[in-house]
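Visitor: My structure file data-v2.pdb, PDB, C-alpha atoms, is below:
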```pdb
ATOM      1  CA  MET A  22      72.778 165.327 -23.281
ATOM      2  CA  GLU A  23      70.112 162.661 -22.884
ATOM      3  CA  GLU A  24      67.398 162.437 -25.526
ATOM      4  CA  ARG A  25      63.763 162.001 -24.575
ATOM      5  CA  LEU A  26      60.813 160.758 -26.591
ATOM      6  CA  GLY A  27      57.644 162.806 -26.569
ATOM      7  CA  PHE A  28      54.638 164.386 -28.203
ATOM      8  CA  ILE A  29      54.037 168.029 -29.102
ATOM      9  CA  GLY A  30      50.512 169.235 -29.861
ATOM     10  CA  ILE A  31      50.128 172.467 -31.819
ATOM     11  CA  VAL A  32      46.785 174.252 -32.197
ATOM     12  CA  MET A  33      46.603 177.055 -34.751
ATOM     13  CA  GLN A  34      43.551 179.202 -34.175
ATOM     14  CA  ASP A  35      44.332 181.125 -37.353
ATOM     15  CA  ARG A  36      45.856 179.239 -40.267
ATOM     16  CA  ALA A  37      47.588 182.449 -41.323
ATOM     17  CA  ALA A  38      50.284 181.295 -38.880
ATOM     18  CA  ALA A  39      50.872 178.119 -40.937
ATOM     19  CA  ALA A  40      53.889 179.459 -42.853
ATOM     20  CA  SER A  41      55.654 180.461 -39.627
ATOM     21  CA  VAL A  42      54.777 177.161 -37.929
ATOM     22  CA  ASN A  43      56.046 175.162 -40.907
ATOM     23  CA  GLN A  44      59.287 177.170 -41.041
ATOM     24  CA  ILE A  45      59.993 176.551 -37.352
ATOM     25  CA  VAL A  46      59.013 172.870 -37.487
ATOM     26  CA  GLY A  47      61.171 172.399 -40.592
ATOM     27  CA  SER A  48      64.197 173.835 -38.824
ATOM     28  CA  TYR A  49      63.815 171.114 -36.151
ATOM     29  CA  ALA A  50      63.338 168.233 -38.617
ATOM     30  CA  HIS A  51      66.316 166.437 -37.055
ATOM     31  CA  ILE A  52      64.303 165.722 -33.876
ATOM     32  CA  ILE A  53      60.907 165.037 -35.494
ATOM     33  CA  ARG A  54      60.047 161.355 -35.922
ATOM     34  CA  GLY A  55      56.473 161.819 -37.146
ATOM     35  CA  ARG A  56      53.979 164.539 -38.007
ATOM     36  CA  MET A  57      50.232 164.629 -38.577
ATOM     37  CA  GLY A  58      48.196 167.715 -39.385
ATOM     38  CA  ILE A  59      44.425 168.059 -39.394
ATOM     39  CA  PRO A  60      42.934 171.281 -40.802
ATOM     40  CA  ASP A  61      39.340 172.301 -40.053
ATOM     41  CA  GLN A  62      38.069 173.898 -43.246
ATOM     42  CA  GLU A  63      34.981 175.374 -41.566
ATOM     43  CA  SER A  64      36.709 177.254 -38.765
ATOM     44  CA  GLY A  65      40.112 177.879 -40.339
ATOM     45  CA  GLU A  66      41.781 176.243 -37.342
ATOM     46  CA  ALA A  67      44.242 173.348 -37.496
ATOM     47  CA  VAL A  68      45.893 170.852 -35.190
ATOM     48  CA  ILE A  69      49.361 169.383 -35.717
ATOM     49  CA  GLY A  70      50.764 166.473 -33.733
ATOM     50  CA  LEU A  71      54.510 165.842 -33.636
ATOM     51  CA  ILE A  72      56.339 162.794 -32.308
ATOM     52  CA  VAL A  73      59.799 163.991 -31.263
ATOM     53  CA  LYS A  74      63.041 162.651 -29.832
ATOM     54  CA  GLY A  75      65.643 165.102 -28.641
ATOM     55  CA  SER A  76      67.371 166.834 -25.775
ATOM     56  CA  ASN A  77      65.481 169.008 -23.296
ATOM     57  CA  ASP A  78      67.201 172.035 -24.835
ATOM     58  CA  ASP A  79      66.044 171.212 -28.383
ATOM     59  CA  LEU A  80      62.511 170.356 -27.297
ATOM     60  CA  GLY A  81      62.239 173.479 -25.158
ATOM     61  CA  ALA A  82      63.537 175.686 -27.962
ATOM     62  CA  LEU A  83      61.046 174.222 -30.446
ATOM     63  CA  THR A  84      58.026 174.573 -28.163
ATOM     64  CA  GLY A  85      59.135 178.041 -27.055
ATOM     65  CA  LYS A  86      59.422 179.374 -30.599
ATOM     66  CA  LEU A  87      56.064 177.891 -31.580
ATOM     67  CA  GLY A  88      54.382 179.175 -28.418
ATOM     68  CA  ASN A  89      55.558 182.723 -29.140
ATOM     69  CA  LEU A  90      53.589 182.846 -32.398
ATOM     70  CA  SER A  91      50.321 184.756 -32.295
ATOM     71  CA  GLY A  92      47.273 182.472 -32.472
ATOM     72  CA  VAL A  93      49.313 179.314 -31.754
ATOM     73  CA  GLN A  94      49.006 177.171 -28.622
ATOM     74  CA  VAL A  95      51.491 174.416 -27.789
ATOM     75  CA  LYS A  96      51.424 171.565 -25.275
ATOM     76  CA  SER A  97      54.002 168.837 -24.855
ATOM     77  CA  ALA A  98      54.462 165.585 -22.985
ATOM     78  CA  LEU A  99      57.843 163.897 -22.664
ATOM     79  CA  THR A 100      59.073 160.634 -21.232
ATOM     80  CA  SER A 101      60.727 160.849 -17.841
ATOM     81  CA  PRO A 102      64.512 160.994 -17.746
ATOM     82  CA  LYS A 103      66.029 157.530 -17.401
ATOM     83  CA  LYS A 104      67.172 156.720 -13.891
ATOM     84  CA  GLU A 105      70.607 155.230 -13.494
ATOM     85  CA  GLU A 106      70.582 151.686 -12.160
ATOM     86  CA  LYS A 107      72.299 151.166  -8.829
ATOM     87  CA  LYS A 108      75.159 148.720  -8.931
ATOM     88  CA  GLY A 109      75.651 146.618  -5.944
TER
END
```
Can you present the structure in this file as structure tokens?

Guide:
Amino acid sequence: MEERLGFIGIVMQDRAAAASVNQIVGSYAHIIRGRMGIPDQESGEAVIGLIVKGSNDDLGALTGKLGNLSGVQVKSALTSPKKEEKKG
């Protein structure tokens, strides 16, 4: 299956979800190319940005599991599938 490059943004409204988020993200380490997390000490919220490269199935499974956590919002953007060049 074709791999796609993309970005996943995770917003934790309650940092009590951090252990669950980290467990899920860790289980998908094989598709994560980069990670940056920014906690907001005042509000208790945090934002995590992931650079990923993987199949649609892997990326969908990761975002689905994260999105099912209470107090966690997830958005993703992926590169378009590569179009096959016409020979002629």

Visitor: I want to know what sits within 6 Å of Gln94 in chain A, based on only C-alpha atoms, with residues of the same chain fewer than 4 positions away left out; could you give that as a VMD selection string?

Guide: chain A and resid 31 to 32 88

Visitor: Using the chain letters and numbering of this document, enumerate as an mmCIF file with C-alpha atoms, in the coordinates of the input the residues selected by the PyMOL selection byres ((chain A and resi 41-56) around 7).

Guide:
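Wrote part.cif, looks like this:
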```cif
data_model
loop_
_atom_site.group_PDB
_atom_site.id
_atom_site.type_symbol
_atom_site.label_atom_id
_atom_site.label_comp_id
_atom_site.auth_asym_id
_atom_site.auth_seq_id
_atom_site.Cartn_x
_atom_site.Cartn_y
_atom_site.Cartn_z
ATOM 1 C CA ALA A 38 50.284 181.295 -38.880
ATOM 2 C CA ALA A 39 50.872 178.119 -40.937
ATOM 3 C CA ALA A 40 53.889 179.459 -42.853
ATOM 4 C CA MET A 57 50.232 164.629 -38.577
ATOM 5 C CA GLY A 58 48.196 167.715 -39.385
ATOM 6 C CA GLY A 70 50.764 166.473 -33.733
ATOM 7 C CA LEU A 71 54.510 165.842 -33.636
ATOM 8 C CA ILE A 72 56.339 162.794 -32.308
ATOM 9 C CA VAL A 73 59.799 163.991 -31.263
ATOM 10 C CA LYS A 74 63.041 162.651 -29.832
ATOM 11 C CA GLY A 75 65.643 165.102 -28.641
ATOM 12 C CA LEU A 87 56.064 177.891 -31.580
#
```

Visitor: What does the distance between CA of Ile69 in chain A and CA of Arg36 in chain A come to in Å, to one decimal place?

Guide: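 Distance between the two atoms: 11.4 Å.
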
Visitor: Of the residues A:Gly65, A:Ser97, A:Ala82, A:Asn89, which is the one nearest to Gly30 in chain A, using all atoms listed in the file?

Guide: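 Checking each of A:Gly65, A:Ser97, A:Ala82, A:Asn89 against Gly30 in chain A, counting all atoms listed in the file, the winner is A:Ser97.
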
Visitor: In Å, how far is it from CA of Lys86 in chain A to CA of Gln62 in chain A?

Guide: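 That distance, rounded to one decimal, is 25.4 Å.
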
Visitor: Kindly reconstruct range 74-89 of chain A with N, CA and C atoms and present the result as a PDB file, in the coordinates of the input.

Guide:
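out-v8.pdb was written with the following content:
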```pdb
ATOM      1  N   LYS A  74      62.019 163.255 -30.683  1.00  0.00           N
ATOM      2  CA  LYS A  74      63.041 162.651 -29.832  1.00  0.00           C
ATOM      3  C   LYS A  74      64.235 163.581 -29.856  1.00  0.00           C
ATOM      4  N   GLY A  75      64.538 164.157 -28.698  1.00  0.00           N
ATOM      5  CA  GLY A  75      65.643 165.102 -28.641  1.00  0.00           C
ATOM      6  C   GLY A  75      65.982 165.480 -27.216  1.00  0.00           C
ATOM      7  N   SER A  76      66.952 166.364 -27.094  1.00  0.00           N
ATOM      8  CA  SER A  76      67.371 166.834 -25.775  1.00  0.00           C
ATOM      9  C   SER A  76      66.336 167.811 -25.216  1.00  0.00           C
ATOM     10  N   ASN A  77      66.377 168.019 -23.921  1.00  0.00           N
ATOM     11  CA  ASN A  77      65.481 169.008 -23.296  1.00  0.00           C
ATOM     12  C   ASN A  77      65.676 170.381 -23.924  1.00  0.00           C
ATOM     13  N   ASP A  78      66.921 170.729 -24.241  1.00  0.00           N
ATOM     14  CA  ASP A  78      67.201 172.035 -24.835  1.00  0.00           C
ATOM     15  C   ASP A  78      66.527 172.179 -26.197  1.00  0.00           C
ATOM     16  N   ASP A  79      66.673 171.159 -27.058  1.00  0.00           N
ATOM     17  CA  ASP A  79      66.044 171.212 -28.383  1.00  0.00           C
ATOM     18  C   ASP A  79      64.529 171.255 -28.289  1.00  0.00           C
ATOM     19  N   LEU A  80      63.965 170.402 -27.433  1.00  0.00           N
ATOM     20  CA  LEU A  80      62.511 170.356 -27.297  1.00  0.00           C
ATOM     21  C   LEU A  80      61.960 171.651 -26.714  1.00  0.00           C
ATOM     22  N   GLY A  81      62.658 172.213 -25.742  1.00  0.00           N
ATOM     23  CA  GLY A  81      62.239 173.479 -25.158  1.00  0.00           C
ATOM     24  C   GLY A  81      62.332 174.632 -26.140  1.00  0.00           C
ATOM     25  N   ALA A  82      63.383 174.628 -26.963  1.00  0.00           N
ATOM     26  CA  ALA A  82      63.537 175.686 -27.962  1.00  0.00           C
ATOM     27  C   ALA A  82      62.425 175.609 -29.001  1.00  0.00           C
ATOM     28  N   LEU A  83      62.106 174.397 -29.452  1.00  0.00           N
ATOM     29  CA  LEU A  83      61.046 174.222 -30.446  1.00  0.00           C
ATOM     30  C   LEU A  83      59.696 174.674 -29.895  1.00  0.00           C
ATOM     31  N   THR A  84      59.329 174.195 -28.714  1.00  0.00           N
ATOM     32  CA  THR A  84      58.026 174.573 -28.163  1.00  0.00           C
ATOM     33  C   THR A  84      57.982 176.054 -27.811  1.00  0.00           C
ATOM     34  N   GLY A  85      59.094 176.614 -27.375  1.00  0.00           N
ATOM     35  CA  GLY A  85      59.135 178.041 -27.055  1.00  0.00           C
ATOM     36  C   GLY A  85      58.915 178.910 -28.276  1.00  0.00           C
ATOM     37  N   LYS A  86      59.590 178.585 -29.368  1.00  0.00           N
ATOM     38  CA  LYS A  86      59.422 179.374 -30.599  1.00  0.00           C
ATOM     39  C   LYS A  86      58.001 179.267 -31.131  1.00  0.00           C
ATOM     40  N   LEU A  87      57.442 178.059 -31.104  1.00  0.00           N
ATOM     41  CA  LEU A  87      56.064 177.891 -31.580  1.00  0.00           C
ATOM     42  C   LEU A  87      55.082 178.634 -30.674  1.00  0.00           C
ATOM     43  N   GLY A  88      55.286 178.540 -29.377  1.00  0.00           N
ATOM     44  CA  GLY A  88      54.382 179.175 -28.418  1.00  0.00           C
ATOM     45  C   GLY A  88      54.402 180.688 -28.472  1.00  0.00           C
ATOM     46  N   ASN A  89      55.466 181.263 -29.020  1.00  0.00           N
ATOM     47  CA  ASN A  89      55.558 182.723 -29.140  1.00  0.00           C
ATOM     48  C   ASN A  89      54.815 183.269 -30.354  1.00  0.00           C
TER      49      ASN A  89
END
```
